[in-house]
$ cat start17.cif   # mmCIF, C-alpha atoms
data_structure
#
loop_
_atom_site.label_atom_id
_atom_site.label_comp_id
_atom_site.auth_asym_id
_atom_site.auth_seq_id
_atom_site.Cartn_x
_atom_site.Cartn_y
_atom_site.Cartn_z
CA MET A 1 103.46 110.95 104.39
CA LYS A 2 101.75 109.94 107.65
CA ASN A 3 102.47 106.27 106.95
CA TYR A 4 106.18 106.97 106.39
CA LEU A 5 106.45 108.93 109.64
CA ILE A 6 104.76 106.08 111.49
CA PHE A 7 107.05 103.65 109.71
CA ILE A 8 110.19 105.57 110.68
CA ALA A 9 108.97 105.83 114.28
CA GLY A 10 108.47 102.07 114.35
CA LEU A 11 111.97 101.31 113.06
CA GLY A 12 113.62 101.76 116.44
CA ILE A 13 111.10 99.41 118.02
CA MET A 14 111.64 96.76 115.34
CA ALA A 15 115.42 97.02 115.45
CA SER A 16 115.53 96.75 119.22
CA ALA A 17 113.14 93.80 119.15
CA GLY A 18 115.32 91.99 116.60
CA ALA A 19 112.49 91.80 114.06
CA SER A 20 112.97 89.81 110.87
CA ARG A 21 112.60 93.00 108.83
CA ALA A 22 116.28 93.78 109.53
CA ASP A 23 117.34 92.97 105.97
CA ALA A 24 114.65 94.89 104.09
CA LEU A 25 115.13 97.97 101.98
CA LEU A 26 112.28 100.35 101.28
CA LEU A 27 113.17 102.34 98.20
CA ASP A 28 112.06 105.94 98.08
CA LYS A 29 109.35 107.18 95.71
CA ASN A 30 111.90 108.60 93.28
CA ALA A 31 113.94 105.43 92.90
CA GLY A 32 115.01 104.93 89.32
CA THR A 33 115.42 101.73 87.38
CA CYS A 34 119.07 101.34 88.43
CA GLN A 35 118.14 101.53 92.12
CA VAL A 36 115.38 98.97 91.56
CA PHE A 37 117.85 96.72 89.68
CA GLU A 38 120.33 96.88 92.53
CA ALA A 39 117.69 96.37 95.22
CA LEU A 40 116.20 93.33 93.47
CA ASN A 41 119.32 91.74 92.00
CA GLY A 42 122.29 93.11 93.91
CA PRO A 43 125.13 95.05 92.27
CA ASP A 44 126.47 91.98 90.44
CA HIS A 45 123.37 91.52 88.22
CA VAL A 46 122.73 95.00 86.83
CA PRO A 47 123.23 96.54 83.38
CA GLU A 48 126.58 98.17 82.67
CA GLU A 49 125.16 101.69 82.90
CA CYS A 50 123.83 100.88 86.38
CA ARG A 51 127.22 99.45 87.38
CA LYS A 52 128.85 102.72 86.36
CA ALA A 53 126.19 104.70 88.23
CA HIS A 54 126.73 102.51 91.32
CA GLN A 55 130.48 103.11 91.25
CA ALA A 56 129.86 106.85 91.01
CA GLN A 57 127.15 106.83 93.69
CA PRO A 58 126.40 103.59 95.62
CA LEU A 59 122.81 102.74 96.52
CA THR A 60 122.04 104.91 99.51
CA ARG A 61 118.49 105.95 98.71
CA GLY A 62 115.70 104.43 100.68
CA ILE A 63 115.20 103.52 104.27
CA SER A 64 117.07 100.58 105.64
CA VAL A 65 115.10 98.68 108.20
CA LYS A 66 118.18 98.35 110.34
CA LYS A 67 119.31 100.05 113.51
CA GLU A 68 122.37 101.57 111.84
CA ALA A 69 122.68 103.18 108.42
CA PRO A 70 123.58 100.70 105.69
CA ALA A 71 127.09 100.62 104.30
CA PRO A 72 127.19 101.16 100.53
CA THR A 73 128.04 97.48 99.97
CA THR A 74 125.19 96.13 102.12
CA ARG A 75 123.25 93.38 100.35
CA PHE A 76 119.60 93.48 101.30
CA ASP A 77 117.47 90.38 101.57
CA ARG A 78 114.25 91.99 100.38
CA ALA A 79 113.08 95.04 98.48
CA MET A 80 109.90 97.06 98.80
CA LEU A 81 108.62 100.00 96.79
CA PRO A 82 106.50 102.53 98.68
CA ASP A 83 103.49 102.78 96.39
CA ILE A 84 102.86 99.05 96.09
CA SER A 85 100.36 99.02 98.91
CA PHE A 86 96.70 98.11 99.16
CA ASP A 87 93.45 99.41 100.54
CA TYR A 88 91.97 97.52 103.48
CA GLY A 89 90.53 94.17 102.38
CA SER A 90 91.61 94.66 98.76
CA ASP A 91 94.02 93.01 96.35
CA GLU A 92 93.40 95.61 93.64
CA LEU A 93 96.43 97.49 92.32
CA SER A 94 96.21 101.26 92.41
CA PRO A 95 97.50 103.40 89.52
CA ALA A 96 100.51 104.34 91.70
CA ALA A 97 101.21 100.65 92.38
CA ARG A 98 101.05 99.87 88.66
CA GLN A 99 103.53 102.65 87.96
CA GLU A 100 105.99 101.22 90.51
CA LEU A 101 105.44 97.70 89.19
CA ASP A 102 106.35 98.90 85.72
CA LYS A 103 109.86 99.57 87.10
CA VAL A 104 109.94 96.12 88.68
CA ALA A 105 108.79 94.51 85.41
CA ALA A 106 111.52 96.34 83.47
CA VAL A 107 114.12 94.94 85.84
CA MET A 108 112.77 91.39 85.98
CA SER A 109 112.40 91.09 82.20
CA ALA A 110 115.86 92.54 81.43
CA PRO A 111 118.59 90.21 80.13
CA GLN A 112 120.50 90.50 83.46
CA SER A 113 117.47 89.11 85.29
CA VAL A 114 116.17 86.27 83.14
CA ASP A 115 118.02 83.67 85.23
CA GLN A 116 116.83 85.20 88.52
CA ARG A 117 113.92 83.77 90.50
CA TYR A 118 111.78 86.09 92.61
CA ARG A 119 109.26 85.46 95.33
CA VAL A 120 106.43 87.96 95.67
CA GLU A 121 105.34 88.04 99.31
CA GLY A 122 101.92 89.47 100.11
CA ASN A 123 101.25 90.94 103.54
CA THR A 124 98.30 92.35 105.47
CA ASP A 125 97.66 94.44 108.52
CA ARG A 126 96.36 92.80 111.72
CA LYS A 127 92.62 93.41 111.10
CA GLY A 128 90.57 90.24 110.62
CA SER A 129 91.15 86.57 111.18
CA ALA A 130 94.37 84.73 110.41
CA ALA A 131 92.67 82.65 107.70
CA PHE A 132 91.17 85.71 105.99
CA ASN A 133 94.52 87.51 106.02
CA ARG A 134 96.45 84.52 104.66
CA GLN A 135 94.02 84.32 101.75
CA LEU A 136 94.07 88.10 101.17
CA SER A 137 97.88 88.32 101.30
CA LEU A 138 98.14 85.48 98.77
CA ALA A 139 95.62 87.27 96.53
CA ARG A 140 97.76 90.42 96.74
CA ALA A 141 100.88 88.52 95.72
CA GLU A 142 98.97 86.84 92.88
CA SER A 143 97.67 90.23 91.71
CA VAL A 144 101.23 91.55 91.53
CA LYS A 145 102.46 88.40 89.76
CA GLN A 146 99.68 88.63 87.19
CA TYR A 147 100.48 92.28 86.49
CA LEU A 148 104.19 91.56 86.10
CA MET A 149 103.42 88.72 83.69
CA GLU A 150 101.20 91.05 81.65
CA LYS A 151 104.23 93.35 81.42
CA GLY A 152 106.49 90.61 80.03
CA VAL A 153 107.98 88.90 83.09
CA SER A 154 108.11 85.13 82.74
CA GLY A 155 105.80 83.29 85.13
CA GLN A 156 108.65 80.81 85.68
CA GLN A 157 110.64 83.59 87.35
CA LEU A 158 107.91 84.27 89.90
CA SER A 159 106.52 82.46 92.89
CA VAL A 160 104.06 83.83 95.40
CA VAL A 161 103.44 83.45 99.10
CA GLY A 162 100.92 84.98 101.45
CA ASN A 163 102.26 85.87 104.89
CA GLY A 164 98.98 87.14 106.29
CA PHE A 165 99.72 89.38 109.25
CA ASN A 166 102.75 87.36 110.37
CA ASN A 167 105.27 89.82 108.90
CA LEU A 168 104.10 93.22 110.07
CA LEU A 169 106.34 95.99 108.79
CA ASP A 170 105.31 98.20 111.70
CA PRO A 171 104.42 95.99 114.68
CA ALA A 172 103.92 99.07 116.86
CA HIS A 173 100.96 100.00 114.62
CA PRO A 174 99.59 96.64 113.47
CA TYR A 175 96.42 98.09 111.92
CA ASP A 176 98.19 100.73 109.85
CA GLY A 177 98.07 100.61 106.07
CA ILE A 178 101.88 100.45 105.78
CA ASN A 179 101.59 96.76 106.70
CA ARG A 180 99.41 96.09 103.59
CA ARG A 181 102.13 95.58 101.02
CA VAL A 182 104.18 93.20 98.91
CA GLU A 183 107.88 92.53 99.17
CA PHE A 184 110.19 91.02 96.59
CA LEU A 185 112.77 88.42 97.50
CA ASN A 186 115.37 87.39 94.95
CA GLN A 187 115.73 83.68 95.59
CA SER A 188 118.74 83.40 93.26
CA VAL A 189 121.02 85.77 95.20
CA LYS A 190 122.74 84.54 98.31
CA THR A 191 123.02 87.10 101.09
CA LYS A 192 126.06 87.41 103.33
#

$ encode --input "start17.cif" --output "structure tokens"
Amino acid sequence: MKNYLIFIAGLGIMASAGASRADALLLDKNAGTCQVFEALNGPDHVPEECRKAHQAQPLTRGISVKKEAPAPTTRFDRAMLPDISFDYGSDELSPAARQELDKVAAVMSAPQSVDQRYRVEGNTDRKGSAAFNRQLSLARAESVKQYLMEKGVSGQQLSVVGNGFNNLLDPAHPYDGINRRVEFLNQSVKTK
């Protein structure tokens, strides 16, 4: 909970600084498969039952990393799930991360997603050298990719990149664990 409070406190700073995180969506811990579908693929590439659920209740769960609240039709550039985070200096997936990645794998291996291409972006906090953090962030992205492939996602759908500490989620607290994460970018969906 502490990390989320710090994260929320840092949002105003990031929004006013014009940070690149402006198009990210952090889904809440209770996000279901339909919310993950919509966050990763947009509302046009979801199963019919999710389309019906979206019409009844548009995606509003999660924290938009924007100054203003997102409109229901907002298309986000990136998606993050809260429990896909890492211990300091580690690329090992926790049981909570594996549980969240099971949702991601279900979405990415679904028929609506087989033509989608996703980039897994690994990130670190600010501790350590730039070279160490680039290598660690790439290892984190590779760890996530490997897990998703074990769960049935095609390796051809996935690419990885390590951002090191160049994409801090909370620049006001650069050493905080909330910066040690992965993000998913759907490279097949054009944003407006």

$ resolve_selection --input "start17.cif" --expression "the PyMOL selection byres ((chain A and resi 91-94) around 6)" --output "list of chain:residue names"
A:Ser90, A:Pro95, A:Ala96, A:Ala97, A:Ala139, A:Arg140

$ resolve_selection --input "start17.cif" --expression "the PyMOL selection byres ((chain A and resi 47) around 10)" --output "ChimeraX atom specification"
/A:34,37-38,43-46,48-53,107,110-113

$ closest_residue --input "start17.cif" --among "A:Tyr88, A:Pro171, A:Gly162, A:Asn41" --to "A:Asn123" --atoms "all atoms listed in the file"
A:Gly162

$ closest_residue --input "start17.cif" --among "A:Asp125, A:Asp28, A:Asp102, A:Asp83" --to "A:Phe165" --atoms "all atoms listed in the file"
A:Asp125

$ closest_residue --input "start17.cif" --among "A:Met80, A:Ser85, A:Thr124, A:Leu148" --to "A:Ser109" --atoms "only C-alpha atoms"
A:Leu148

$ atom_distance --input "start17.cif" --atom1 "atom CA of A:Gln116" --atom2 "atom CA of A:Arg180"
25.5 Å

$ closest_residue --input "start17.cif" --among "A:Ala106, A:Leu136, A:Val160, A:Leu169" --to "A:Leu40" --atoms "all atoms listed in the file"
A:Ala106

$ closest_residue --input "start17.cif" --among "A:Ala172, A:Leu27, A:Ile178, A:Ala130" --to "A:Phe86" --atoms "all atoms listed in the file"
A:Ile178

$ closest_residue --input "start17.cif" --among "A:Arg78, A:Arg134, A:Arg117, A:Arg98" --to "A:Ser159" --atoms "all atoms listed in the file"
A:Arg117

$ atom_distance --input "start17.cif" --atom1 "atom CA of A:Lys127" --atom2 "atom CA of A:Gly164"
10.1 Å

$ atom_distance --input "start17.cif" --atom1 "atom CA of A:Leu185" --atom2 "atom CA of A:Asn133"
20.2 Å

$ decode --input "start17.cif" --residues "stretch 152-168 of chain A" --atoms "N, CA and C atoms" --output "PDB file, in the first residue's frame"
ATOM      1  N   GLY A 152       1.952 -20.422 -23.014  1.00  0.00           N
ATOM      2  CA  GLY A 152       1.311 -20.581 -24.313  1.00  0.00           C
ATOM      3  C   GLY A 152       1.346 -19.391 -25.247  1.00  0.00           C
ATOM      4  N   VAL A 153       1.957 -18.293 -24.850  1.00  0.00           N
ATOM      5  CA  VAL A 153       2.059 -17.132 -25.742  1.00  0.00           C
ATOM      6  C   VAL A 153       3.180 -17.398 -26.745  1.00  0.00           C
ATOM      7  N   SER A 154       2.932 -17.103 -27.997  1.00  0.00           N
ATOM      8  CA  SER A 154       3.941 -17.289 -29.032  1.00  0.00           C
ATOM      9  C   SER A 154       5.099 -16.306 -28.838  1.00  0.00           C
ATOM     10  N   GLY A 155       6.301 -16.819 -28.928  1.00  0.00           N
ATOM     11  CA  GLY A 155       7.484 -15.955 -28.832  1.00  0.00           C
ATOM     12  C   GLY A 155       7.534 -14.921 -29.943  1.00  0.00           C
ATOM     13  N   GLN A 156       6.867 -15.205 -31.072  1.00  0.00           N
ATOM     14  CA  GLN A 156       6.837 -14.257 -32.178  1.00  0.00           C
ATOM     15  C   GLN A 156       5.983 -13.042 -31.866  1.00  0.00           C
ATOM     16  N   GLN A 157       5.115 -13.151 -30.864  1.00  0.00           N
ATOM     17  CA  GLN A 157       4.282 -12.019 -30.461  1.00  0.00           C
ATOM     18  C   GLN A 157       5.030 -11.063 -29.545  1.00  0.00           C
ATOM     19  N   LEU A 158       6.163 -11.507 -28.998  1.00  0.00           N
ATOM     20  CA  LEU A 158       6.815 -10.768 -27.920  1.00  0.00           C
ATOM     21  C   LEU A 158       8.199 -10.276 -28.295  1.00  0.00           C
ATOM     22  N   SER A 159       8.460  -9.046 -27.955  1.00  0.00           N
ATOM     23  CA  SER A 159       9.819  -8.518 -28.008  1.00  0.00           C
ATOM     24  C   SER A 159      10.110  -7.924 -26.634  1.00  0.00           C
ATOM     25  N   VAL A 160      11.370  -7.738 -26.342  1.00  0.00           N
ATOM     26  CA  VAL A 160      11.746  -7.219 -25.030  1.00  0.00           C
ATOM     27  C   VAL A 160      12.703  -6.045 -25.183  1.00  0.00           C
ATOM     28  N   VAL A 161      12.664  -5.181 -24.201  1.00  0.00           N
ATOM     29  CA  VAL A 161      13.596  -4.062 -24.145  1.00  0.00           C
ATOM     30  C   VAL A 161      13.866  -3.769 -22.673  1.00  0.00           C
ATOM     31  N   GLY A 162      15.071  -3.348 -22.399  1.00  0.00           N
ATOM     32  CA  GLY A 162      15.427  -2.935 -21.048  1.00  0.00           C
ATOM     33  C   GLY A 162      15.665  -1.436 -21.013  1.00  0.00           C
ATOM     34  N   ASN A 163      14.855  -0.731 -20.239  1.00  0.00           N
ATOM     35  CA  ASN A 163      14.972   0.726 -20.147  1.00  0.00           C
ATOM     36  C   ASN A 163      15.929   1.186 -19.061  1.00  0.00           C
ATOM     37  N   GLY A 164      16.425   0.255 -18.241  1.00  0.00           N
ATOM     38  CA  GLY A 164      17.242   0.685 -17.111  1.00  0.00           C
ATOM     39  C   GLY A 164      16.432   1.587 -16.214  1.00  0.00           C
ATOM     40  N   PHE A 165      17.077   2.670 -15.753  1.00  0.00           N
ATOM     41  CA  PHE A 165      16.354   3.627 -14.905  1.00  0.00           C
ATOM     42  C   PHE A 165      15.918   4.866 -15.683  1.00  0.00           C
ATOM     43  N   ASN A 166      15.860   4.762 -17.003  1.00  0.00           N
ATOM     44  CA  ASN A 166      15.490   5.911 -17.837  1.00  0.00           C
ATOM     45  C   ASN A 166      14.000   6.198 -17.876  1.00  0.00           C
ATOM     46  N   ASN A 167      13.170   5.315 -17.345  1.00  0.00           N
ATOM     47  CA  ASN A 167      11.719   5.476 -17.399  1.00  0.00           C
ATOM     48  C   ASN A 167      11.121   5.326 -16.013  1.00  0.00           C
ATOM     49  N   LEU A 168      11.592   6.106 -15.075  1.00  0.00           N
ATOM     50  CA  LEU A 168      11.106   5.993 -13.705  1.00  0.00           C
ATOM     51  C   LEU A 168       9.611   6.277 -13.650  1.00  0.00           C
TER      52      LEU A 168
END
